[in-house]
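Undergrad: model32.txt is reproduced in full below (compact mmCIF, C-alpha atoms and all ligand atoms).
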# COMPACT_ATOMS: atom_id res chain seq x y z
CA MET A 30 -27.82 -8.27 -24.50
CA ASN A 31 -30.49 -5.64 -24.05
CA VAL A 32 -28.61 -3.23 -21.76
CA ASP A 33 -26.61 0.00 -22.18
CA LEU A 34 -23.82 -0.76 -19.73
CA VAL A 35 -22.37 -3.83 -18.01
CA VAL A 36 -20.70 -3.38 -14.64
CA ALA A 37 -18.54 -6.26 -13.39
CA GLY A 38 -18.52 -6.20 -9.57
CA SER A 39 -21.05 -4.86 -7.06
CA GLY A 40 -18.73 -3.21 -4.52
CA PHE A 41 -18.97 0.50 -3.78
CA PHE A 42 -17.24 1.36 -7.04
CA GLY A 43 -19.49 -0.75 -9.25
CA LEU A 44 -22.72 0.19 -7.46
CA THR A 45 -21.93 3.91 -7.55
CA VAL A 46 -21.33 3.71 -11.31
CA ALA A 47 -24.51 1.66 -11.78
CA GLU A 48 -26.66 3.95 -9.62
CA ARG A 49 -25.49 7.18 -11.31
CA CYS A 50 -25.79 5.73 -14.82
CA ALA A 51 -29.30 4.44 -14.15
CA ALA A 52 -30.64 7.41 -12.18
CA GLU A 53 -28.84 10.32 -13.83
CA LEU A 54 -28.11 9.12 -17.36
CA GLY A 55 -31.22 6.94 -17.71
CA LEU A 56 -29.23 3.87 -18.78
CA ARG A 57 -30.18 0.23 -18.33
CA VAL A 58 -27.36 -1.30 -16.31
CA LEU A 59 -26.54 -4.95 -15.76
CA VAL A 60 -24.35 -5.62 -12.72
CA LEU A 61 -22.59 -8.98 -12.67
CA GLU A 62 -21.34 -10.15 -9.29
CA ARG A 63 -19.19 -13.24 -8.91
CA ARG A 64 -20.09 -13.74 -5.24
CA GLY A 65 -23.47 -14.80 -3.87
CA HIS A 66 -24.13 -11.34 -2.38
CA ILE A 67 -23.76 -7.70 -3.37
CA GLY A 68 -21.53 -5.08 -1.78
CA GLY A 69 -18.00 -6.35 -2.31
CA ASN A 70 -15.86 -6.24 0.80
CA ALA A 71 -18.15 -3.79 2.59
CA TYR A 72 -20.85 -6.47 2.85
CA SER A 73 -22.12 -7.21 6.35
CA GLU A 74 -24.69 -9.62 7.77
CA PRO A 75 -26.23 -10.49 11.14
CA GLU A 76 -24.43 -13.26 12.99
CA PRO A 77 -27.26 -15.85 13.11
CA GLU A 78 -27.19 -16.69 16.81
CA THR A 79 -26.99 -13.14 18.19
CA GLY A 80 -28.19 -10.85 15.40
CA ILE A 81 -25.04 -8.76 15.84
CA GLU A 82 -23.93 -7.19 12.54
CA VAL A 83 -20.67 -8.74 11.40
CA HIS A 84 -18.48 -7.38 8.60
CA ARG A 85 -17.53 -10.58 6.80
CA TYR A 86 -14.47 -9.15 5.04
CA GLY A 87 -13.06 -7.14 7.93
CA ALA A 88 -14.31 -4.21 9.98
CA HIS A 89 -15.42 -1.25 7.85
CA LEU A 90 -15.53 2.28 9.27
CA PHE A 91 -16.90 5.01 7.07
CA HIS A 92 -15.11 8.36 7.16
CA THR A 93 -14.60 11.14 4.61
CA SER A 94 -13.77 14.80 4.23
CA ASN A 95 -15.25 14.85 0.73
CA GLU A 96 -18.50 16.89 0.78
CA ARG A 97 -19.78 15.35 -2.42
CA VAL A 98 -19.24 11.78 -1.21
CA TRP A 99 -20.84 12.55 2.15
CA GLU A 100 -23.87 14.13 0.48
CA TYR A 101 -24.12 11.21 -1.96
CA ALA A 102 -23.81 8.51 0.72
CA ARG A 103 -26.57 10.10 2.79
CA ARG A 104 -29.08 9.63 -0.02
CA PHE A 105 -28.99 5.92 0.81
CA THR A 106 -28.36 5.79 4.53
CA ALA A 107 -28.28 7.81 7.73
CA PHE A 108 -25.12 7.56 9.83
CA THR A 109 -24.69 7.01 13.56
CA GLY A 110 -22.39 9.20 15.64
CA TYR A 111 -19.82 6.41 16.01
CA ARG A 112 -16.25 7.69 16.45
CA HIS A 113 -13.60 5.05 15.96
CA GLN A 114 -10.92 4.41 18.56
CA VAL A 115 -8.30 1.69 18.67
CA TYR A 116 -6.24 0.30 21.55
CA SER A 117 -3.16 -1.88 21.49
CA THR A 118 -2.07 -4.58 23.91
CA PHE A 119 1.67 -5.03 24.41
CA LYS A 120 3.30 -7.18 27.09
CA GLY A 121 0.16 -7.32 29.22
CA ARG A 122 -0.61 -3.59 29.14
CA VAL A 123 -3.08 -1.56 27.10
CA TYR A 124 -2.28 1.66 25.23
CA PRO A 125 -4.33 4.07 23.09
CA MET A 126 -3.65 4.18 19.34
CA PRO A 127 -2.60 5.88 17.12
CA ILE A 128 0.45 6.85 19.17
CA ASN A 129 -0.49 9.98 21.13
CA LEU A 130 0.40 11.75 24.35
CA GLY A 131 -1.62 9.18 26.30
CA THR A 132 0.41 6.34 24.73
CA ILE A 133 3.70 8.08 25.48
CA CYS A 134 2.82 8.86 29.11
CA ALA A 135 1.58 5.30 29.70
CA TYR A 136 4.52 3.66 27.95
CA PHE A 137 7.28 5.68 29.65
CA GLY A 138 5.38 5.66 32.95
CA ARG A 139 5.28 9.37 33.69
CA VAL A 140 3.60 12.63 32.76
CA PHE A 141 4.95 14.45 29.70
CA SER A 142 3.83 17.86 28.50
CA PRO A 143 3.39 18.02 24.71
CA ASP A 144 6.73 19.86 24.39
CA GLU A 145 8.55 17.35 26.59
CA ALA A 146 7.10 14.44 24.60
CA ARG A 147 8.12 16.09 21.30
CA ALA A 148 11.66 16.57 22.58
CA LEU A 149 11.86 12.98 23.80
CA ILE A 150 10.70 11.50 20.49
CA ALA A 151 12.94 13.84 18.45
CA GLU A 152 15.94 12.71 20.51
CA GLN A 153 15.08 9.02 20.14
CA ALA A 154 14.36 9.40 16.41
CA ALA A 155 17.75 11.05 15.81
CA GLU A 156 19.36 7.60 16.22
CA VAL A 157 18.75 6.95 12.50
CA SER A 158 19.20 9.54 9.76
CA ASP A 159 19.41 7.58 6.52
CA PRO A 160 16.94 4.67 6.84
CA ALA A 161 17.63 1.62 4.65
CA ASN A 162 14.68 -0.55 5.65
CA LEU A 163 11.31 -0.39 7.38
CA GLU A 164 12.76 -0.80 10.86
CA GLU A 165 15.20 2.07 10.40
CA LYS A 166 12.53 4.21 8.79
CA ALA A 167 10.18 3.68 11.72
CA ILE A 168 12.92 4.45 14.24
CA SER A 169 13.78 7.64 12.33
CA LEU A 170 10.16 8.71 12.74
CA ILE A 171 9.22 7.68 16.29
CA GLY A 172 12.38 6.36 17.99
CA ARG A 173 13.32 2.83 18.96
CA PRO A 174 11.24 2.24 22.14
CA LEU A 175 7.87 3.06 20.56
CA TYR A 176 8.88 1.24 17.37
CA GLU A 177 9.77 -1.91 19.29
CA ALA A 178 6.55 -1.81 21.29
CA PHE A 179 3.92 -0.85 18.72
CA ILE A 180 5.33 -1.35 15.23
CA ARG A 181 7.86 -4.18 15.12
CA GLY A 182 5.78 -7.19 16.16
CA TYR A 183 2.59 -5.91 14.51
CA THR A 184 4.36 -5.24 11.20
CA ALA A 185 6.20 -8.57 11.30
CA LYS A 186 2.85 -10.34 11.71
CA GLN A 187 1.18 -8.28 8.98
CA TRP A 188 3.92 -9.04 6.47
CA GLN A 189 5.22 -12.40 7.74
CA THR A 190 8.58 -10.71 7.23
CA ASP A 191 11.19 -9.24 9.55
CA PRO A 192 10.80 -5.42 9.33
CA ARG A 193 14.54 -5.20 8.60
CA GLU A 194 13.84 -7.08 5.36
CA LEU A 195 11.01 -4.78 4.31
CA PRO A 196 11.63 -1.67 2.21
CA ALA A 197 11.55 1.69 3.99
CA GLU A 198 8.81 2.90 1.61
CA VAL A 199 6.22 0.58 3.18
CA ILE A 200 5.67 3.37 5.71
CA ALA A 201 5.54 6.94 4.49
CA ARG A 202 4.64 8.46 7.82
CA LEU A 203 3.90 7.39 11.36
CA PRO A 204 1.97 10.26 12.84
CA VAL A 205 2.42 10.92 16.55
CA ARG A 206 -0.17 13.17 18.15
CA TYR A 207 1.10 15.34 20.93
CA THR A 208 -2.33 15.60 22.52
CA PHE A 209 -4.54 13.13 24.33
CA ASP A 210 -6.87 12.97 21.31
CA ASN A 211 -7.13 9.31 20.34
CA ARG A 212 -9.80 9.53 17.66
CA TYR A 213 -8.60 7.20 14.95
CA PHE A 214 -9.70 9.21 11.89
CA ASN A 215 -9.09 12.89 11.20
CA ASP A 216 -11.85 13.28 8.62
CA THR A 217 -14.66 15.84 8.81
CA TYR A 218 -17.38 13.19 8.63
CA GLU A 219 -17.54 9.80 10.26
CA GLY A 220 -20.19 7.31 11.26
CA LEU A 221 -21.66 3.89 10.62
CA PRO A 222 -24.73 3.24 8.49
CA VAL A 223 -27.70 3.13 10.87
CA ASP A 224 -29.25 0.02 9.28
CA GLY A 225 -25.92 -1.59 8.39
CA TYR A 226 -23.79 -1.70 5.25
CA THR A 227 -25.89 -4.20 3.34
CA ALA A 228 -29.06 -2.09 3.62
CA TRP A 229 -27.09 0.90 2.29
CA LEU A 230 -25.65 -1.11 -0.62
CA GLU A 231 -29.04 -2.64 -1.44
CA ARG A 232 -30.65 0.82 -1.65
CA MET A 233 -27.99 1.86 -4.14
CA ALA A 234 -28.82 -1.13 -6.32
CA ASP A 235 -32.59 -0.69 -5.92
CA HIS A 236 -33.47 1.06 -9.18
CA PRO A 237 -35.81 -0.19 -11.92
CA ARG A 238 -33.09 0.23 -14.57
CA ILE A 239 -30.50 -1.76 -12.57
CA GLU A 240 -30.41 -5.55 -12.72
CA VAL A 241 -27.97 -7.30 -10.38
CA ARG A 242 -27.03 -10.89 -11.22
CA LEU A 243 -25.33 -12.78 -8.38
CA ASN A 244 -23.02 -15.80 -8.77
CA ALA A 245 -22.28 -14.39 -12.22
CA ASP A 246 -18.65 -14.20 -13.28
CA PHE A 247 -18.00 -11.55 -15.92
CA PHE A 248 -15.56 -13.86 -17.69
CA ASP A 249 -18.39 -16.28 -18.50
CA VAL A 250 -20.11 -13.62 -20.66
CA ARG A 251 -17.09 -11.59 -21.66
CA ASP A 252 -17.12 -12.68 -25.31
CA GLU A 253 -20.77 -11.67 -25.78
CA VAL A 254 -20.25 -8.34 -24.03
CA VAL A 255 -16.89 -6.80 -24.93
CA GLY A 256 -17.16 -4.90 -28.18
CA ASN A 257 -20.98 -4.85 -28.02
CA VAL A 258 -21.79 -3.12 -24.73
CA PRO A 259 -19.62 -0.67 -22.76
CA VAL A 260 -18.11 -2.28 -19.67
CA VAL A 261 -16.92 -1.03 -16.30
CA PHE A 262 -14.73 -3.77 -14.87
CA THR A 263 -13.96 -3.71 -11.11
CA GLY A 264 -12.46 -7.21 -10.81
CA PRO A 265 -8.72 -7.99 -10.77
CA LEU A 266 -6.78 -6.25 -13.54
CA ASP A 267 -4.24 -9.07 -13.96
CA ARG A 268 -7.00 -11.67 -14.31
CA TYR A 269 -8.70 -9.61 -17.04
CA PHE A 270 -5.56 -9.95 -19.16
CA GLY A 271 -5.02 -13.62 -18.35
CA TYR A 272 -2.02 -12.83 -16.10
CA VAL A 273 0.10 -12.28 -19.24
CA HIS A 274 2.49 -10.03 -17.33
CA GLY A 275 2.40 -12.14 -14.15
CA GLU A 276 0.36 -11.82 -10.99
CA LEU A 277 0.01 -8.62 -8.98
CA GLY A 278 0.87 -9.38 -5.33
CA TRP A 279 -1.66 -9.00 -2.52
CA ARG A 280 -1.89 -9.69 1.17
CA THR A 281 -4.99 -11.42 2.45
CA LEU A 282 -6.57 -11.83 5.88
CA ASP A 283 -7.99 -14.86 7.63
CA PHE A 284 -10.84 -14.23 10.04
CA GLU A 285 -11.90 -16.42 12.94
CA THR A 286 -15.35 -15.49 14.23
CA GLU A 287 -16.58 -16.68 17.61
CA VAL A 288 -19.64 -16.12 19.81
CA LYS A 289 -18.63 -15.59 23.44
CA GLU A 290 -20.90 -16.16 26.43
CA THR A 291 -20.46 -12.69 27.84
CA GLY A 292 -22.06 -9.32 27.19
CA ASP A 293 -18.70 -7.67 26.62
CA PHE A 294 -15.46 -9.40 25.72
CA GLN A 295 -12.94 -6.55 25.49
CA GLY A 296 -14.75 -3.27 26.22
CA THR A 297 -13.95 -1.72 22.84
CA ALA A 298 -14.41 -2.37 19.10
CA VAL A 299 -10.81 -3.03 18.05
CA MET A 300 -7.88 -4.26 20.11
CA ASN A 301 -4.52 -4.59 18.35
CA TYR A 302 -2.05 -7.20 19.56
CA ALA A 303 1.48 -5.87 19.17
CA ASP A 304 3.32 -8.87 20.67
CA GLU A 305 4.91 -11.04 18.03
CA ASP A 306 4.10 -14.26 19.89
CA VAL A 307 0.35 -13.60 19.69
CA PRO A 308 -0.50 -14.98 16.24
CA TYR A 309 -3.37 -12.62 15.37
CA THR A 310 -2.95 -8.90 14.68
CA ARG A 311 -6.23 -7.74 16.20
CA ILE A 312 -9.60 -8.69 17.63
CA HIS A 313 -12.80 -6.96 16.55
CA GLU A 314 -15.85 -7.00 18.79
CA PHE A 315 -18.75 -5.97 16.62
CA ARG A 316 -21.31 -4.95 19.25
CA HIS A 317 -19.18 -1.89 20.06
CA PHE A 318 -19.67 -0.47 16.56
CA HIS A 319 -23.37 0.02 17.43
CA PRO A 320 -23.78 0.97 21.09
CA GLU A 321 -27.17 2.47 20.10
CA ARG A 322 -28.61 -0.96 19.20
CA ASP A 323 -30.28 -1.74 22.52
CA TRP A 324 -31.69 -4.94 21.04
CA TYR A 325 -28.31 -6.67 20.91
CA PRO A 326 -28.18 -9.51 23.49
CA SER A 327 -26.64 -8.56 26.85
CA ASP A 328 -25.21 -12.02 27.57
CA ARG A 329 -23.45 -12.84 24.29
CA THR A 330 -21.05 -11.08 21.98
CA VAL A 331 -19.31 -11.76 18.65
CA ILE A 332 -15.56 -11.41 18.25
CA MET A 333 -13.37 -11.86 15.19
CA ARG A 334 -9.65 -12.53 15.29
CA GLU A 335 -7.69 -11.30 12.30
CA TYR A 336 -4.60 -12.98 10.84
CA SER A 337 -2.56 -11.60 7.96
CA ARG A 338 -0.63 -13.41 5.22
CA PHE A 339 0.40 -13.33 1.58
CA ALA A 340 -2.44 -14.17 -0.81
CA ALA A 341 -2.36 -17.05 -3.26
CA ARG A 342 -4.41 -16.82 -6.46
CA ASP A 343 -7.52 -18.35 -4.86
CA ASP A 344 -7.42 -16.15 -1.74
CA GLU A 345 -9.34 -12.90 -1.35
CA PRO A 346 -6.94 -10.10 -2.33
CA TYR A 347 -7.07 -7.38 0.37
CA TYR A 348 -4.00 -5.15 0.38
CA PRO A 349 -1.76 -4.50 -2.66
CA ILE A 350 1.86 -5.33 -1.79
CA ASN A 351 3.34 -2.99 -4.38
CA THR A 352 6.88 -4.30 -4.71
CA PRO A 353 8.92 -2.70 -7.52
CA ALA A 354 8.10 -5.81 -9.62
CA ASP A 355 4.38 -5.28 -8.92
CA ARG A 356 4.68 -1.68 -10.05
CA ASP A 357 6.32 -2.75 -13.33
CA ARG A 358 3.58 -5.31 -13.92
CA LEU A 359 0.94 -2.70 -13.10
CA LEU A 360 2.34 -0.31 -15.71
CA ALA A 361 2.29 -3.09 -18.30
CA TYR A 362 -1.34 -3.92 -17.45
CA ARG A 363 -2.29 -0.23 -17.60
CA ARG A 364 -0.97 -0.06 -21.15
CA LEU A 365 -3.10 -3.05 -22.07
CA ALA A 366 -6.12 -1.46 -20.34
CA ARG A 367 -5.76 1.76 -22.34
CA GLY A 368 -5.90 -0.31 -25.51
CA GLN A 369 -9.24 -1.89 -24.56
CA ASP A 370 -11.77 0.41 -26.22
CA GLY A 371 -15.14 0.29 -24.53
CA VAL A 372 -13.81 -1.14 -21.26
CA LEU A 373 -13.05 1.01 -18.22
CA PHE A 374 -11.18 -0.37 -15.22
CA GLY A 375 -12.05 0.89 -11.75
CA GLY A 376 -12.14 0.14 -8.04
CA ARG A 377 -9.45 -1.37 -5.89
CA LEU A 378 -9.03 -4.61 -7.88
CA GLY A 379 -9.29 -2.97 -11.28
CA THR A 380 -6.62 -0.38 -10.43
CA TYR A 381 -4.51 -2.37 -7.91
CA LYS A 382 -4.83 0.35 -5.27
CA TYR A 383 -5.91 0.31 -1.67
CA LEU A 384 -9.06 2.44 -1.63
CA ASP A 385 -11.15 3.39 1.36
CA MET A 386 -14.88 3.31 0.71
CA HIS A 387 -15.11 7.06 0.29
CA MET A 388 -12.28 6.90 -2.28
CA ALA A 389 -14.02 4.14 -4.22
CA ILE A 390 -17.23 6.21 -4.30
CA ALA A 391 -15.34 9.39 -5.28
CA GLY A 392 -13.46 7.51 -8.01
CA ALA A 393 -16.70 6.11 -9.42
CA LEU A 394 -18.38 9.54 -9.44
CA SER A 395 -15.37 10.91 -11.37
CA MET A 396 -15.52 8.06 -13.85
CA VAL A 397 -19.18 8.89 -14.51
CA ASP A 398 -18.38 12.60 -14.94
CA ASN A 399 -15.23 12.25 -17.00
CA LYS A 400 -15.85 9.15 -19.11
CA LEU A 401 -19.35 7.73 -19.02
CA ARG A 402 -21.46 10.90 -19.31
CA PRO A 403 -19.35 12.26 -22.22
CA HIS A 404 -19.65 8.87 -23.92
CA PHE A 405 -23.40 8.43 -23.49
CA THR A 406 -24.44 12.05 -24.02
CA GLU A 407 -21.87 13.26 -26.60
CA GLY A 408 -20.66 10.04 -28.15
CA ALA A 409 -17.11 10.45 -26.87
CA ARG A 410 -14.96 7.33 -27.24
CA LEU A 411 -14.84 5.19 -24.11
CA VAL A 412 -11.16 4.66 -23.31
P1 LIG B 501 -14.76 -4.49 -3.82
O1 LIG B 501 -15.54 -4.12 -2.63
O2 LIG B 501 -13.67 -5.47 -3.67
O3 LIG B 501 -15.78 -5.02 -4.91
C1 LIG B 501 -15.36 -5.70 -6.07
C2 LIG B 501 -16.42 -6.71 -6.43
O4 LIG B 501 -16.14 -7.26 -7.72
C3 LIG B 501 -16.48 -7.87 -5.45
O5 LIG B 501 -17.78 -8.02 -4.98
C4 LIG B 501 -16.05 -9.06 -6.31
O6 LIG B 501 -16.68 -10.27 -5.94
C5 LIG B 501 -16.47 -8.63 -7.68
N1 LIG B 501 -15.76 -9.29 -8.78
C6 LIG B 501 -14.44 -9.55 -8.89
N2 LIG B 501 -14.18 -10.20 -10.04
C7 LIG B 501 -15.36 -10.36 -10.68
C8 LIG B 501 -15.73 -10.95 -11.91
N3 LIG B 501 -14.83 -11.54 -12.72
N4 LIG B 501 -17.04 -10.95 -12.25
C9 LIG B 501 -17.98 -10.38 -11.44
N5 LIG B 501 -17.67 -9.80 -10.27
C10 LIG B 501 -16.37 -9.79 -9.89
N6 LIG B 501 -12.68 1.19 3.68
C11 LIG B 501 -13.05 2.17 4.51
O7 LIG B 501 -13.45 3.24 4.05
N7 LIG B 501 -13.03 1.98 5.87
C12 LIG B 501 -12.60 0.82 6.44
O8 LIG B 501 -12.59 0.69 7.65
C13 LIG B 501 -12.18 -0.23 5.57
N8 LIG B 501 -11.74 -1.39 6.08
C14 LIG B 501 -11.32 -2.36 5.22
C15 LIG B 501 -10.85 -3.55 5.76
C16 LIG B 501 -10.40 -4.54 4.92
C17 LIG B 501 -9.90 -5.82 5.51
C18 LIG B 501 -10.40 -4.34 3.53
C19 LIG B 501 -9.87 -5.39 2.60
C20 LIG B 501 -10.87 -3.17 3.00
C21 LIG B 501 -11.33 -2.16 3.83
N9 LIG B 501 -11.84 -0.97 3.33
C22 LIG B 501 -12.25 0.01 4.17
C23 LIG B 501 -11.88 -0.73 1.87
C24 LIG B 501 -13.19 -1.09 1.22
O9 LIG B 501 -13.43 -2.47 1.36
C25 LIG B 501 -13.05 -0.68 -0.25
O10 LIG B 501 -13.02 0.71 -0.35
C26 LIG B 501 -14.16 -1.13 -1.11
O11 LIG B 501 -14.30 -2.51 -0.99
C27 LIG B 501 -13.83 -0.76 -2.54
O12 LIG B 501 -14.90 -1.13 -3.35
P2 LIG B 501 -14.64 -1.74 -4.78
O13 LIG B 501 -15.96 -1.74 -5.42
O14 LIG B 501 -13.53 -1.04 -5.44
O15 LIG B 501 -14.09 -3.23 -4.51
NA NA B 502 -9.96 1.11 -21.53
Kindly return the structure encoded in the file as structure tokens.
Ligand code: FAD
Ligand code: NA
TA:
Amino acid sequence: MNVDLVVAGSGFFGLTVAERCAAELGLRVLVLERRGHIGGNAYSEPEPETGIEVHRYGAHLFHTSNERVWEYARRFTAFTGYRHQVYSTFKGRVYPMPINLGTICAYFGRVFSPDEARALIAEQAAEVSDPANLEEKAISLIGRPLYEAFIRGYTAKQWQTDPRELPAEVIARLPVRYTFDNRYFNDTYEGLPVDGYTAWLERMADHPRIEVRLNADFFDVRDEVVGNVPVVFTGPLDRYFGYVHGELGWRTLDFETEVKETGDFQGTAVMNYADEDVPYTRIHEFRHFHPERDWYPSDRTVIMREYSRFAARDDEPYYPINTPADRDRLLAYRRLARGQDGVLFGGRLGTYKYLDMHMAIAGALSMVDNKLRPHFTEGARLV
């Protein structure tokens, strides 16, 4: 194989590694991608009937406070001024998310000053002091009424499990904002790629020293590659080692996409459904991610309902579950990974970590700095 580096997976992690190694280190990089398209889960495509950009693997909002990632991303794309907001429907009423002063005033049906709202929530949260499960943990953070409205049904649907059966650690914090600010992200930088995610990802891959092979599973060429060419593997860690320590648990999502004969279905990009008897967790309406695209049709729109469940081996793994047993398995796989000279494991599947896009990019830039550059320029061992 006449290349310097093989990258398995063309998501943000794999493409960032490939782009830096080709452009900065002058290496010939072969990217193998199991799917029929590049980009991993950030991939998007126009819905054929309307031309509206749809994120096939769930809505992706770019946000970061990392200067280096922001500077790097903007080499490949400009960003719109999109600022994400989310609303939640509960028992026939709509509330702003994440929970803020507007949510509290609307839910309790009167005006609260920030101090009054803080006092109210502190009093309601005092009901639980030593939480033993997710429900108690949530109540200890935001009180029972807001928990029952906005967390209980939504969490039960996400996990297909009663929140009283889930460990308290599933939620570390549940921030409540005592202002009317309902911007979803707190990061310094935010926006959506002007020409869409796929154009951004394609520009990263567009380098004469990068070859991307689609519909190409790394495991089909593994025996020729490992030991001969350095590898960055961004596929599932447990699969790499033949599941010898068992499977790492993931949740997956099912998406139901539909074209509606109206110019605007819900008036916003993302509506959560907190009621337990509504089977989906949220509805995305993609036109609202790009209000600047005046060429979108005015009489049709694309919506996507999202359903959550545990993943089987053939499902797309989306969110690591991270039970104590998963963590034990992960440690065992990490020991095996350290023993694989010449193979580096990265990205969300290769490390069994939920990573936002900016984290995947930052992680890949660090891998280039700390492992790949020292290897290719100074001959350091690749472990
Ligand atoms: P991936 O994108 O998963 O790429 C891995 C690639 O490896 C895939 O293309 C896969 O096909 C390929 N692969 C796997 N096995 C093999 C193999 N054996 N051979 C060859 N190729 C293989 N991030 C945000 O910043 N904002 C958001 O709003 C956001 N929303 C999200 C919503 C959902 C539902 C999900 C699941 C994720 C979301 N993310 C979001 C996270 C974002 O998708 C990740 O940060 C990003 O996908 C990480 O890139 P990656 O390269 O690590 O993994
Ligand atoms: Na290794």
Undergrad: With only C-alpha atoms as the counted atoms, please give the residues lying no more than 8 Å from region 300-306 of chain A, apart from itself and same-chain residues fewer than 3 positions off, as a PyMOL selection string.
TA: chain A and resi 115-120+178-183+185-186+295+297+309-313
Undergrad: Within 6 Å of ligand LIG 501 (chain B), counting all atoms listed in the file: which residues, as a VMD selection string?
TA: chain A and resid 37 to 43 61 to 64 68 to 71 86 to 91 245 to 248 263 to 265 347 376 to 377 384 to 387 389
Undergrad: For chain A against ligand NA 502 (chain B), with a cut-off of 9 Å and counting all atoms listed in the file, what is the closest atom pair and its distance in Å to one decimal for every residue that makes the cut, ordered by chain and number, as a tab-separated table?
TA:
residue	atom	partner	partner_atom	distance
A:Val261	CA	B:NA502	NA	9.0
A:Arg363	CA	B:NA502	NA	8.7
A:Leu365	CA	B:NA502	NA	8.0
A:Ala366	CA	B:NA502	NA	4.8
A:Arg367	CA	B:NA502	NA	4.3
A:Gly368	CA	B:NA502	NA	5.9
A:Gln369	CA	B:NA502	NA	4.3
A:Asp370	CA	B:NA502	NA	5.1
A:Gly371	CA	B:NA502	NA	6.0
A:Val372	CA	B:NA502	NA	4.5
A:Leu373	CA	B:NA502	NA	4.5
A:Phe374	CA	B:NA502	NA	6.6
A:Leu411	CA	B:NA502	NA	6.9
A:Val412	CA	B:NA502	NA	4.1
Undergrad: In Å, with one decimal, what is the gap from CA of Ser158 (chain A) to CA of Leu170 (chain A)?
TA: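 These atoms are spaced 9.6 Å apart.
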Undergrad: Between A:Ala298, A:Val255, A:Met233, A:Ile239, single out the one closest to Val331 (chain A), counting only C-alpha atoms.
TA: A:Ala298
Undergrad: When you draw a straight line from CA of Gly55 (chain A) to CA of His236 (chain A), how long is it in Å?
TA: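 Result for CA of Gly55 (chain A) versus CA of His236 (chain A): 10.6 Å, one decimal.
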Undergrad: Between A:Ser94, A:Thr109, A:Thr132, A:Thr330, which residue has the minimum interatomic distance to Arg206 (chain A), considering only C-alpha atoms?
TA: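 Ranking A:Ser94, A:Thr109, A:Thr132, A:Thr330 by distance to Arg206 (chain A), first place goes to A:Thr132.
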Undergrad: Nearest to Ala102 (chain A) among A:Tyr226, A:Phe214, A:Tyr348, A:Tyr269, with distances taken over only C-alpha atoms: which residue is it?
TA: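 Closest residue, counting only C-alpha atoms: A:Tyr226.
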Undergrad: Give the answer as one residue: which of A:Arg280, A:His274, A:His404, A:Arg147 has the shortest atom-to-atom distance to Phe339 (chain A), using only C-alpha atoms?
TA: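 Distance minimum relative to Phe339 (chain A) lands on A:Arg280.
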Undergrad: So the first atom is CA of Val241 (chain A) and the second is CA of Val32 (chain A); what is the distance between them in Å, to one decimal place?
TA: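 Those two atoms sit 12.1 Å apart.
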Undergrad: Point out the residue among A:Ile133, A:Thr184, A:Tyr111, A:Lys400 with the least atom-to-atom distance to Glu145 (chain A), counting only C-alpha atoms.
TA: A:Ile133
Undergrad: May I have the protein, DNA and RNA residues with an atom at most 10 Å from (-16.7, 15.4, -1.6), counting all atoms listed in the file in the file's coordinates, returned as a PyMOL selection string?
TA: chain A and resi 93-101+387-388+390-391+394
Undergrad: I'd like a table as CSV: residues in region 328-349 of chain A with an atom no more than 9 Å from region 187-204 of chain A, each row giving the shortest atom pair and its distance in Å to one decimal, all atoms listed in the file counted, sorted by chain and rising residue number.
TA:
residue,atom,partner,partner_atom,distance
A:Tyr336,CA,A:Gln187,CA,7.7
A:Ser337,CA,A:Gln187,CA,5.1
A:Arg338,CA,A:Trp188,CA,6.4
A:Phe339,CA,A:Trp188,CA,7.4
Undergrad: So that all listed atoms of region 98-114 of chain A fit with 3 Å spare on each side, what axis-aligned box centre and edge lengths in Å, to one decimal, would you give as AutoDock Vina command-line options?
TA:
--center_x -20.0 --center_y 9.3 --center_z 8.3 --size_x 24.2 --size_y 15.7 --size_z 26.5
Undergrad: A:Leu277, A:Asn399, A:Ala340, A:Thr406: which is nearest Lys382 (chain A), counting only C-alpha atoms?
TA: A:Leu277
Undergrad: Excluding Phe405 (chain A) and its own-chain neighbours fewer than 3 positions away, which residues fall within 10 Å of it when counting only C-alpha atoms? Please give them as a PyMOL selection string.
TA: chain A and resi 33-34+50+54-56+259+397+400-402+408-411
